[in-house]
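Source file run_27.cif; content: mmCIF, C-alpha atoms and all ligand atoms.
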data_model
loop_
_atom_site.label_atom_id
_atom_site.label_comp_id
_atom_site.auth_asym_id
_atom_site.auth_seq_id
_atom_site.Cartn_x
_atom_site.Cartn_y
_atom_site.Cartn_z
CA MET A 276 0.00 0.00 0.00
CA PRO A 277 1.23 3.53 -0.64
CA ASN A 278 1.99 6.22 1.93
CA VAL A 279 -0.63 8.81 2.81
CA THR A 280 0.25 12.39 3.72
CA PHE A 281 -2.06 14.70 5.65
CA GLU A 282 -2.25 17.74 7.91
CA ALA A 283 -1.74 17.01 11.58
CA GLU A 284 -0.50 18.79 14.68
CA PRO A 285 2.18 19.53 15.63
CA ALA A 286 3.33 18.78 12.04
CA PRO A 287 2.06 17.15 8.81
CA LEU A 288 2.56 13.40 8.60
CA SER A 289 3.30 10.73 6.04
CA VAL A 290 2.15 7.23 6.99
CA ASP A 291 2.91 3.85 5.45
CA LEU A 292 -0.52 2.19 5.47
CA ASP A 293 1.02 -1.28 5.48
CA ARG A 294 2.38 -0.53 8.94
CA ALA A 295 -0.66 1.31 10.28
CA ALA A 296 -3.68 0.13 12.26
CA LEU A 297 -6.92 1.78 13.27
CA VAL A 298 -7.50 1.25 16.99
CA ILE A 299 -11.04 2.02 18.16
CA ILE A 300 -11.28 2.41 21.91
CA ASP A 301 -14.35 1.33 23.90
CA MET A 302 -17.20 2.42 21.60
CA GLN A 303 -19.45 0.36 23.86
CA ARG A 304 -23.12 0.69 24.69
CA ASP A 305 -22.15 1.08 28.37
CA PHE A 306 -20.42 4.37 27.57
CA LEU A 307 -22.58 5.69 24.73
CA GLU A 308 -26.14 4.65 25.45
CA PRO A 309 -28.55 5.62 28.23
CA GLY A 310 -28.67 3.05 31.04
CA GLY A 311 -24.98 2.12 30.95
CA PHE A 312 -21.88 2.78 33.03
CA GLY A 313 -21.38 6.30 31.67
CA GLU A 314 -24.83 7.40 32.66
CA ALA A 315 -24.59 5.56 35.99
CA LEU A 316 -21.66 7.82 36.79
CA GLY A 317 -23.90 10.84 36.22
CA ASN A 318 -22.69 11.73 32.74
CA ASP A 319 -24.62 13.09 29.76
CA VAL A 320 -23.97 10.23 27.35
CA SER A 321 -25.36 12.13 24.34
CA ARG A 322 -22.08 14.11 24.34
CA LEU A 323 -20.25 11.08 22.91
CA GLN A 324 -22.54 10.79 19.88
CA ALA A 325 -20.65 13.45 17.89
CA ALA A 326 -17.75 11.03 17.41
CA VAL A 327 -19.86 8.24 15.89
CA GLY A 328 -20.46 9.73 12.41
CA PRO A 329 -16.81 10.68 11.66
CA LEU A 330 -15.58 7.41 13.14
CA LYS A 331 -17.98 5.46 10.95
CA GLN A 332 -16.46 7.15 7.90
CA VAL A 333 -12.89 6.44 9.04
CA LEU A 334 -13.78 2.82 9.77
CA ALA A 335 -15.27 2.41 6.28
CA ALA A 336 -12.18 3.95 4.67
CA ALA A 337 -9.81 1.79 6.72
CA ARG A 338 -11.73 -1.34 5.76
CA GLN A 339 -11.68 -0.32 2.12
CA GLN A 340 -7.89 0.10 2.25
CA GLY A 341 -7.48 -3.26 3.96
CA MET A 342 -5.95 -1.60 7.01
CA LEU A 343 -5.82 -3.59 10.25
CA VAL A 344 -8.75 -2.56 12.46
CA ILE A 345 -8.71 -3.37 16.17
CA HIS A 346 -11.57 -2.71 18.59
CA THR A 347 -11.28 -2.59 22.37
CA ARG A 348 -13.82 -3.03 25.13
CA GLU A 349 -13.37 -2.13 28.77
CA GLY A 350 -14.97 -4.66 31.08
CA HIS A 351 -14.59 -7.47 33.56
CA ARG A 352 -15.21 -11.16 34.07
CA PRO A 353 -18.64 -11.99 35.52
CA ASP A 354 -17.04 -12.91 38.87
CA LEU A 355 -15.17 -9.55 38.84
CA SER A 356 -11.95 -11.38 39.74
CA ASP A 357 -10.04 -9.14 37.30
CA ALA A 358 -11.54 -5.92 38.67
CA PRO A 359 -9.56 -4.09 41.33
CA PRO A 360 -11.73 -3.72 44.46
CA HIS A 361 -11.08 0.02 44.54
CA LYS A 362 -12.48 0.31 41.00
CA VAL A 363 -15.58 -1.74 41.87
CA GLU A 364 -16.25 0.06 45.14
CA ARG A 365 -16.47 3.50 43.58
CA GLY A 366 -19.85 5.20 43.52
CA ASP A 367 -23.38 4.26 44.45
CA PRO A 368 -23.68 0.46 45.02
CA SER A 369 -26.70 0.26 42.71
CA THR A 370 -24.75 1.67 39.76
CA ARG A 371 -21.31 0.15 40.33
CA ILE A 372 -19.42 -2.21 38.03
CA GLY A 373 -21.24 -5.56 38.24
CA ALA A 374 -24.56 -4.03 39.35
CA ILE A 375 -27.61 -4.87 37.27
CA GLY A 376 -28.70 -2.04 34.97
CA PRO A 377 -31.04 -1.67 32.00
CA MET A 378 -28.40 -3.20 29.68
CA GLY A 379 -27.38 -6.04 31.98
CA ARG A 380 -24.59 -6.05 34.54
CA ILE A 381 -22.57 -2.87 34.22
CA LEU A 382 -19.21 -3.24 32.45
CA VAL A 383 -19.31 -7.04 32.60
CA ARG A 384 -18.22 -9.11 29.61
CA GLY A 385 -21.00 -10.83 27.73
CA GLU A 386 -23.67 -8.37 28.87
CA PRO A 387 -25.53 -6.25 26.26
CA GLY A 388 -24.07 -3.00 27.62
CA HIS A 389 -20.52 -4.29 27.24
CA ASP A 390 -20.94 -4.77 23.52
CA ILE A 391 -19.87 -2.35 20.81
CA ILE A 392 -22.53 -0.03 19.37
CA SER A 393 -24.21 -1.35 16.25
CA GLU A 394 -22.96 1.52 14.00
CA LEU A 395 -19.34 0.45 14.53
CA TYR A 396 -19.78 -3.27 15.04
CA PRO A 397 -16.58 -5.29 14.39
CA LEU A 398 -16.39 -7.56 11.38
CA ALA A 399 -15.67 -11.23 12.08
CA ASP A 400 -11.98 -10.87 11.16
CA GLU A 401 -11.34 -7.71 13.21
CA PRO A 402 -9.68 -8.41 16.57
CA VAL A 403 -11.55 -7.28 19.66
CA ILE A 404 -9.38 -6.70 22.73
CA ASP A 405 -11.10 -7.13 26.08
CA LYS A 406 -9.26 -4.99 28.56
CA PRO A 407 -9.70 -4.79 32.32
CA GLY A 408 -8.10 -1.36 32.58
CA LYS A 409 -8.20 2.02 30.94
CA GLY A 410 -5.15 1.39 28.74
CA ALA A 411 -5.50 -1.09 25.87
CA PHE A 412 -2.00 -2.53 26.48
CA TYR A 413 -2.50 -3.33 30.17
CA GLN A 414 -3.02 -7.10 30.67
CA THR A 415 -3.92 -7.68 27.00
CA ASP A 416 -2.22 -9.16 23.93
CA LEU A 417 -2.57 -5.96 21.87
CA GLU A 418 1.18 -5.33 21.67
CA LEU A 419 1.84 -8.90 20.50
CA MET A 420 -0.80 -8.57 17.78
CA LEU A 421 0.65 -5.29 16.53
CA ARG A 422 4.26 -6.53 16.53
CA ASN A 423 3.30 -9.77 14.77
CA ARG A 424 1.83 -7.68 11.95
CA GLY A 425 4.73 -5.19 11.77
CA ILE A 426 2.54 -2.27 12.83
CA ASP A 427 4.35 0.89 13.95
CA THR A 428 1.65 3.56 13.63
CA LEU A 429 -1.77 3.71 15.27
CA PHE A 430 -4.72 5.85 14.28
CA VAL A 431 -6.51 6.09 17.61
CA CYS A 432 -10.20 6.93 18.03
CA GLY A 433 -12.90 6.29 20.61
CA VAL A 434 -14.01 7.23 24.09
CA THR A 435 -13.27 8.85 26.32
CA THR A 436 -10.59 11.22 25.08
CA GLU A 437 -9.02 11.95 28.44
CA VAL A 438 -9.40 8.48 29.97
CA CYS A 439 -9.03 5.35 27.84
CA VAL A 440 -7.86 7.10 24.66
CA ASN A 441 -5.20 9.08 26.51
CA THR A 442 -4.08 6.13 28.64
CA THR A 443 -3.74 3.92 25.56
CA VAL A 444 -1.80 6.57 23.64
CA ARG A 445 0.62 7.00 26.51
CA GLU A 446 1.13 3.25 26.78
CA ALA A 447 1.64 2.99 23.01
CA ASN A 448 4.09 5.88 22.95
CA ASP A 449 6.26 4.26 25.61
CA ARG A 450 6.28 1.05 23.56
CA GLY A 451 7.55 2.89 20.48
CA PHE A 452 4.33 3.16 18.47
CA ARG A 453 3.52 6.42 16.70
CA CYS A 454 -0.01 7.53 17.59
CA ILE A 455 -2.25 9.79 15.55
CA VAL A 456 -5.38 10.69 17.47
CA LEU A 457 -8.31 11.64 15.24
CA SER A 458 -9.82 14.55 17.15
CA ASP A 459 -13.42 14.43 15.89
CA CYS A 460 -13.51 10.63 16.22
CA CYS A 461 -12.97 10.87 19.98
CA GLY A 462 -15.43 12.01 22.59
CA SER A 463 -15.76 12.96 26.22
CA TYR A 464 -18.57 13.72 28.64
CA PHE A 465 -16.61 16.90 29.39
CA PRO A 466 -15.78 19.21 26.44
CA GLU A 467 -12.97 20.83 28.40
CA PHE A 468 -11.35 17.44 29.12
CA HIS A 469 -11.66 16.48 25.44
CA ALA A 470 -9.80 19.67 24.47
CA ALA A 471 -7.20 19.22 27.22
CA GLY A 472 -6.76 15.53 26.37
CA LEU A 473 -5.92 16.37 22.78
CA ALA A 474 -3.74 19.33 23.76
CA MET A 475 -1.64 17.16 26.08
CA ILE A 476 -0.93 14.65 23.31
CA LYS A 477 0.32 17.14 20.72
CA ALA A 478 2.09 19.58 23.10
CA GLN A 479 5.87 19.89 23.28
CA GLY A 480 6.45 18.76 19.71
CA GLY A 481 3.97 15.88 20.03
CA ILE A 482 5.14 14.47 23.33
CA PHE A 483 2.70 11.54 23.16
CA GLY A 484 1.77 11.69 19.47
CA SER A 485 -0.06 13.71 16.86
CA VAL A 486 -3.60 14.98 16.50
CA ALA A 487 -5.43 15.22 13.18
CA ALA A 488 -9.01 15.82 12.10
CA SER A 489 -10.60 12.92 10.24
CA LYS A 490 -11.25 14.96 7.06
CA PRO A 491 -7.64 15.36 5.87
CA VAL A 492 -6.96 11.70 6.64
CA LEU A 493 -10.09 10.61 4.73
CA ASN A 494 -9.18 12.89 1.81
CA SER A 495 -5.71 11.44 1.69
CA LEU A 496 -7.03 7.87 1.81
CA ALA A 497 -9.56 8.66 -0.94
CA SER A 498 -6.84 10.08 -3.19
CA ILE A 499 -4.91 6.80 -3.33
CA ARG A 500 -4.64 5.54 -6.87
CA TYR A 501 -3.63 1.94 -7.36
CA PRO A 502 -1.73 1.04 -10.55
CA ALA A 503 -4.00 -0.58 -13.14
CA ARG A 504 -3.41 -4.33 -13.50
CA ALA A 505 -1.92 -5.46 -16.79
CA ALA A 506 -4.49 -7.23 -19.01
CA GLY A 507 -4.24 -11.02 -19.31
C1 LIG B 1 -13.94 5.42 31.24
C2 LIG B 1 -13.16 4.88 29.03
N1 LIG B 1 -14.11 6.71 30.95
N2 LIG B 1 -13.33 4.00 28.06
N3 LIG B 1 -13.56 4.53 30.28
O1 LIG B 1 -14.16 5.01 32.35
O2 LIG B 1 -12.68 5.97 28.80
#
Take the structure in this file and express it as structure tokens.
Ligand code: C5J
Amino acid sequence: MPNVTFEAEPAPLSVDLDRAALVIIDMQRDFLEPGGFGEALGNDVSRLQAAVGPLKQVLAAARQQGMLVIHTREGHRPDLSDAPPHKVERGDPSTRIGAIGPMGRILVRGEPGHDIISELYPLADEPVIDKPGKGAFYQTDLELMLRNRGIDTLFVCGVTTEVCVNTTVREANDRGFRCIVLSDCCGSYFPEFHAAGLAMIKAQGGIFGSVAASKPVLNSLASIRYPARAAG
């Protein structure tokens, strides 16, 4: 596959698509839909919806280019044995991790709320990483999967910008992966945290990575021309 070049901050980028993956963080019903973990914590979940449309377009473009697409889900085993007690004990007992809500047990694997929203549902051949923490590298085989495929660059999208997206980008950066966070494909319950989360990534010459809007990346992907195959 050819390289794509696009505007990004702090500087324009050129990316070898053969070595790039799209990593979609936690676009789960529990975070995006009423009745899930996000709402249980008192958040206005409609704030995350803005990221869905642009992310859908990026996902379609990545699939069309044959780029590796990886989805993550935050959640725990039904017996909560992989959930730190301090994480479980936070908040009102009726809305904690493991409590029964309108979409099943909150943030528990296998429950309807733990699943990815229908608009961005993974294809059968797209890896889904189940993670017990905020970062997608913590206690998962994500790094192994990326290294086995020779991936060195991650387009990172998802929710929430300042929590699981930021934690994953920091983990990836320390492991030597270049991260490009697509700003309009990420979302937060707090607009100011979204802005700060992106600012922290691209500050100081891109201390954790780069930030780009989806449009220039989509335009660059759409401009790829493959050489015509010889007849016969
Ligand atoms: C949170 C996440 N916010 N996926 N998880 O608890 O960002």
Quick one: residues within 9 Å of ligand LIG 1 (chain B), with all atoms listed in the file, as a PyMOL selection string? chain A and resi 300-303+306+312-313+347-349+408-410+433-442+463-464
With distances taken over all atoms listed in the file, which of A:Leu330, A:Val279, A:Ala315, A:Val298 is nearest to Ala447 of chain A?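 Nearest to Ala447 of chain A: A:Val298.
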Best match for closeness to Arg371 of chain A among A:Ile345, A:Met475, A:Leu316, A:Leu421, counting all atoms listed in the file: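 The answer is A:Leu316, which sits nearest to Arg371 of chain A.
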Find the residues around Glu401 of chain A up to 12 Å (all atoms listed in the file counted), leave out those fewer than 4 positions away in its own chain, and share them as a list in words.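 These residues fall inside the cut-off: Ala296, Leu297, Val298, Ile299, Leu334, Ala337, Arg338, Gly341, Met342, Leu343, Val344, Ile345, His346, Thr347, Leu395, Tyr396, Pro397 and Met420 of chain A.
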Atom-to-atom span, atom CA of Arg445 of chain A and atom CA of Gln414 of chain A, Å: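 Atom CA of Gln414 of chain A lies 15.1 Å from atom CA of Arg445 of chain A.
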One residue among A:Pro387, A:Gly480, A:Pro491, A:Pro309 is nearest to Pro285 of chain A when using all atoms listed in the file, and that residue is A:Gly480
So what do you get for atom CA of Phe468 of chain A versus atom CA of Gln324 of chain A, distance-wise?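 Taking atom CA of Phe468 of chain A as the start and atom CA of Gln324 of chain A as the end point, the length is 16.0 Å.
The interatomic distance for the pair atom CA of Ile476 of chain A and atom CA of Asn448 of chain A works out to 10.1 Å.
Nearest to Arg384 of chain A of all the residues A:Asp400, A:Asp305, A:Ala336, A:Asp367 is A:Asp305, based on only C-alpha atoms.
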When distances are computed from only C-alpha atoms, which of A:Ala474, A:Val327, A:Leu429, A:Val333 shows the smallest separation from Lys490 of chain A?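 Nearest to Lys490 of chain A: A:Val333.
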Within 12 Å of (-0.4, 6.9, 14.9), in the coordinates the file gives, what residues turn up when you count only C-alpha atoms, written out as a PyMOL selection string? chain A and resi 283-284+288-292+294-298+426-432+443-445+447-448+451-457+476-477+481+483-487+492
Take the residues that were just selected and, keeping C-alpha atoms, output them as a PDB file, keeping the file's coordinate frame.
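Output file again_4.pdb is given in full below:
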ATOM      1  CA  ALA A 283      -1.740  17.010  11.580  1.00  0.00           C
ATOM      2  CA  GLU A 284      -0.500  18.790  14.680  1.00  0.00           C
ATOM      3  CA  LEU A 288       2.560  13.400   8.600  1.00  0.00           C
ATOM      4  CA  SER A 289       3.300  10.730   6.040  1.00  0.00           C
ATOM      5  CA  VAL A 290       2.150   7.230   6.990  1.00  0.00           C
ATOM      6  CA  ASP A 291       2.910   3.850   5.450  1.00  0.00           C
ATOM      7  CA  LEU A 292      -0.520   2.190   5.470  1.00  0.00           C
ATOM      8  CA  ARG A 294       2.380  -0.530   8.940  1.00  0.00           C
ATOM      9  CA  ALA A 295      -0.660   1.310  10.280  1.00  0.00           C
ATOM     10  CA  ALA A 296      -3.680   0.130  12.260  1.00  0.00           C
ATOM     11  CA  LEU A 297      -6.920   1.780  13.270  1.00  0.00           C
ATOM     12  CA  VAL A 298      -7.500   1.250  16.990  1.00  0.00           C
ATOM     13  CA  ILE A 426       2.540  -2.270  12.830  1.00  0.00           C
ATOM     14  CA  ASP A 427       4.350   0.890  13.950  1.00  0.00           C
ATOM     15  CA  THR A 428       1.650   3.560  13.630  1.00  0.00           C
ATOM     16  CA  LEU A 429      -1.770   3.710  15.270  1.00  0.00           C
ATOM     17  CA  PHE A 430      -4.720   5.850  14.280  1.00  0.00           C
ATOM     18  CA  VAL A 431      -6.510   6.090  17.610  1.00  0.00           C
ATOM     19  CA  CYS A 432     -10.200   6.930  18.030  1.00  0.00           C
ATOM     20  CA  THR A 443      -3.740   3.920  25.560  1.00  0.00           C
ATOM     21  CA  VAL A 444      -1.800   6.570  23.640  1.00  0.00           C
ATOM     22  CA  ARG A 445       0.620   7.000  26.510  1.00  0.00           C
ATOM     23  CA  ALA A 447       1.640   2.990  23.010  1.00  0.00           C
ATOM     24  CA  ASN A 448       4.090   5.880  22.950  1.00  0.00           C
ATOM     25  CA  GLY A 451       7.550   2.890  20.480  1.00  0.00           C
ATOM     26  CA  PHE A 452       4.330   3.160  18.470  1.00  0.00           C
ATOM     27  CA  ARG A 453       3.520   6.420  16.700  1.00  0.00           C
ATOM     28  CA  CYS A 454      -0.010   7.530  17.590  1.00  0.00           C
ATOM     29  CA  ILE A 455      -2.250   9.790  15.550  1.00  0.00           C
ATOM     30  CA  VAL A 456      -5.380  10.690  17.470  1.00  0.00           C
ATOM     31  CA  LEU A 457      -8.310  11.640  15.240  1.00  0.00           C
ATOM     32  CA  ILE A 476      -0.930  14.650  23.310  1.00  0.00           C
ATOM     33  CA  LYS A 477       0.320  17.140  20.720  1.00  0.00           C
ATOM     34  CA  GLY A 481       3.970  15.880  20.030  1.00  0.00           C
ATOM     35  CA  PHE A 483       2.700  11.540  23.160  1.00  0.00           C
ATOM     36  CA  GLY A 484       1.770  11.690  19.470  1.00  0.00           C
ATOM     37  CA  SER A 485      -0.060  13.710  16.860  1.00  0.00           C
ATOM     38  CA  VAL A 486      -3.600  14.980  16.500  1.00  0.00           C
ATOM     39  CA  ALA A 487      -5.430  15.220  13.180  1.00  0.00           C
ATOM     40  CA  VAL A 492      -6.960  11.700   6.640  1.00  0.00           C
TER      41      VAL A 492
END
Would you please work out which residue, of A:Ala335, A:Leu382, A:Ala497, A:Ile375, is nearest to Asp405 of chain A when using all atoms listed in the file?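 Smallest separation from Asp405 of chain A among the options: A:Leu382.
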